Amino acid sequence: MEKRNFGRVKQPKISDIIMQELETMILEGTFKPGQKLPPERELAERFEVSRPSLREAIQKLAARGVLNSKHGGGTYVSEQLGSSFTDPLQALLSSHDEFLYDQLEFRDALEGLSAYYAALRATDADKVMLTKRYDALVEANLREDASQESKLDAEFHMAIAECAHNVVLLHTLRSLFSTLEKSISANLTNLFEKKAARGHVMAQHKALYDAIMAGQPEEARAAVHSHLIFVEDNLLEMRREASRIQRSLRRTENGDW
């Protein structure tokens, strides 16, 4: 029987293993686009590797455009990661109110799924982080600080995406973050013209938060849907009202009255 010669199994380089670890941390959201990495010494200790091996891994990721090293200023995750949604088309969508409802429909689908998985998968650490974001939103709501509320509202929804532990879903929502924040800001500005709306919106956020904390996926998804339907119904009604006012003004200007 002929003896076969097996080639020696090639061991992966330490720098490649570190590179994969860093990639995983970026994909999972441990390190976010634009965020500065911990100092080289700290990372080397965390991975229990030599600094030259760590440096080589960072250089490989920098060559691929994942990391940016600034001379004397540390290493940063590229801000271009997940930027496919921040093109001129997205800016056009954000500036035209008639597409606001398309955005709400899209949010309903993605955020409903995000909330569902967050309720199923959130760890104790996730729940601590989510509670911190929720409490900050409640505080801004009590102060009736609309600009801060819109920022914290978007951050609350992004925290839910992090709790879902689905990297594709997380990065899809994160890449839409700037548009999402503009959408929320526009919605809140319009909605809060009605005094009772602020309390309704916060109650909806509480229902969503409670469902995730209690591990109730269907209730969490339903809470997202109820919230966005409330926003859409109110915005439609306000648009109808604005249209009626404009018709009345045109009649007045034409001397019909």
# chains A, B, ... in the order shown; residues from 1 in each chain; ligands from 1

$ closest_atom_pairs --of "segment 98-186 of chain A" --to "segment 65-82 of chain A" --cutoff "9 Å" --atoms "only C-alpha atoms" --output "CSV"
residue,atom,partner,partner_atom,distance
A:His171,CA,A:Gly82,CA,6.4
A:Thr172,CA,A:Gly82,CA,7.3
A:Arg174,CA,A:Gly82,CA,7.4
A:Ser175,CA,A:Gly82,CA,5.0
A:Leu176,CA,A:Gly82,CA,8.6

$ residues_around --residues "Lys13 of chain A" --least-positions-apart "4" --cutoff "10 Å" --atoms "only C-alpha atoms" --output "count of residues only"
5

$ closest_residue --among "A:Ala122, A:Glu149, A:Glu40, A:Leu54" --to "Phe192 of chain A" --atoms "only C-alpha atoms"
A:Glu149

$ closest_residue --among "A:Gln148, A:Ser226, A:Ser50, A:Gln216" --to "Leu120 of chain A" --atoms "only C-alpha atoms"
A:Gln216

$ atom_distance --atom1 "atom CA of Asn166 of chain A" --atom2 "atom CA of Tyr117 of chain A"
8.2 Å

$ atom_distance --atom1 "atom CA of Ala211 of chain A" --atom2 "atom CA of Glu232 of chain A"
22.0 Å

$ residues_around --residues "segment 100-108 of chain A" --least-positions-apart "4" --cutoff "7 Å" --atoms "only C-alpha atoms" --output "PyMOL selection string"
chain A and resi 112+224-225+228+232

$ write_last_selection --atoms "N, CA, C and O atoms" --output "mmCIF file, in the first residue's frame"
data_model
loop_
_atom_site.group_PDB
_atom_site.id
_atom_site.type_symbol
_atom_site.label_atom_id
_atom_site.label_comp_id
_atom_site.auth_asym_id
_atom_site.auth_seq_id
_atom_site.Cartn_x
_atom_site.Cartn_y
_atom_site.Cartn_z
ATOM 1 N N GLY A 112 -38.744 46.239 14.791
ATOM 2 C CA GLY A 112 -39.580 45.189 15.373
ATOM 3 C C GLY A 112 -38.782 43.899 15.536
ATOM 4 O O GLY A 112 -38.835 43.235 16.571
ATOM 5 N N VAL A 224 -43.036 48.097 19.488
ATOM 6 C CA VAL A 224 -42.438 48.900 18.404
ATOM 7 C C VAL A 224 -43.514 49.274 17.390
ATOM 8 O O VAL A 224 -43.621 50.427 16.964
ATOM 9 N N HIS A 225 -44.302 48.288 16.995
ATOM 10 C CA HIS A 225 -45.349 48.520 15.994
ATOM 11 C C HIS A 225 -46.361 49.557 16.495
ATOM 12 O O HIS A 225 -46.716 50.490 15.767
ATOM 13 N N LEU A 228 -44.809 53.119 16.389
ATOM 14 C CA LEU A 228 -44.640 53.719 15.065
ATOM 15 C C LEU A 228 -45.985 53.975 14.380
ATOM 16 O O LEU A 228 -46.115 54.926 13.617
ATOM 17 N N GLU A 232 -47.150 57.574 13.040
ATOM 18 C CA GLU A 232 -47.645 57.751 11.669
ATOM 19 C C GLU A 232 -49.059 58.338 11.660
ATOM 20 O O GLU A 232 -49.337 59.279 10.906
#

$ closest_residue --among "A:Ala140, A:Leu113, A:Ala197, A:Leu22" --to "Pro38 of chain A" --atoms "only C-alpha atoms"
A:Leu22

$ closest_residue --among "A:Glu23, A:Glu111, A:Asp145, A:Glu48" --to "His157 of chain A" --atoms "only C-alpha atoms"
A:Glu111

$ closest_residue --among "A:Ala119, A:Leu110, A:Leu37, A:Ala223" --to "His165 of chain A" --atoms "only C-alpha atoms"
A:Ala119

$ atom_distance --atom1 "atom CA of Leu137 of chain A" --atom2 "atom CA of Leu235 of chain A"
21.7 Å

$ residues_around --residues "His227 of chain A" --least-positions-apart "6" --cutoff "10 Å" --atoms "only C-alpha atoms" --output "list in words"
Asp108, His200, Val201, Met202, Ala203, Gln204, His205, Ala207 and Leu208 of chain A

$ write_last_selection --atoms "N, CA, C and O atoms" --output "tab-separated table (two decimals), in the first residue's frame"
chain	number	residue	atom	x	y	z
A	108	ASP	N	-40.35	50.09	11.25
A	108	ASP	CA	-41.25	49.11	11.86
A	108	ASP	C	-40.73	47.69	11.62
A	108	ASP	O	-40.67	46.86	12.55
A	200	HIS	N	-47.67	60.10	25.75
A	200	HIS	CA	-47.99	58.88	25.01
A	200	HIS	C	-46.72	58.22	24.48
A	200	HIS	O	-46.54	57.00	24.58
A	201	VAL	N	-45.83	59.03	23.90
A	201	VAL	CA	-44.58	58.50	23.33
A	201	VAL	C	-43.74	57.84	24.42
A	201	VAL	O	-43.18	56.76	24.22
A	202	MET	N	-43.65	58.49	25.58
A	202	MET	CA	-42.83	57.93	26.66
A	202	MET	C	-43.44	56.64	27.20
A	202	MET	O	-42.72	55.70	27.55
A	203	ALA	N	-44.78	56.58	27.25
A	203	ALA	CA	-45.45	55.36	27.71
A	203	ALA	C	-45.16	54.21	26.74
A	203	ALA	O	-44.98	53.05	27.16
A	204	GLN	N	-45.09	54.52	25.45
A	204	GLN	CA	-44.78	53.49	24.45
A	204	GLN	C	-43.34	53.00	24.60
A	204	GLN	O	-43.06	51.81	24.48
A	205	HIS	N	-42.43	53.93	24.89
A	205	HIS	CA	-41.04	53.53	25.12
A	205	HIS	C	-40.93	52.65	26.38
A	205	HIS	O	-40.15	51.70	26.42
A	207	ALA	N	-43.26	50.65	27.55
A	207	ALA	CA	-43.79	49.32	27.21
A	207	ALA	C	-42.74	48.50	26.47
A	207	ALA	O	-42.59	47.29	26.73
A	208	LEU	N	-42.01	49.15	25.58
A	208	LEU	CA	-40.96	48.47	24.82
A	208	LEU	C	-39.82	48.04	25.75
A	208	LEU	O	-39.36	46.90	25.71

$ closest_residue --among "A:Ser15, A:Gly29, A:Asp153, A:Glu219" --to "Ala44 of chain A" --atoms "only C-alpha atoms"
A:Ser15
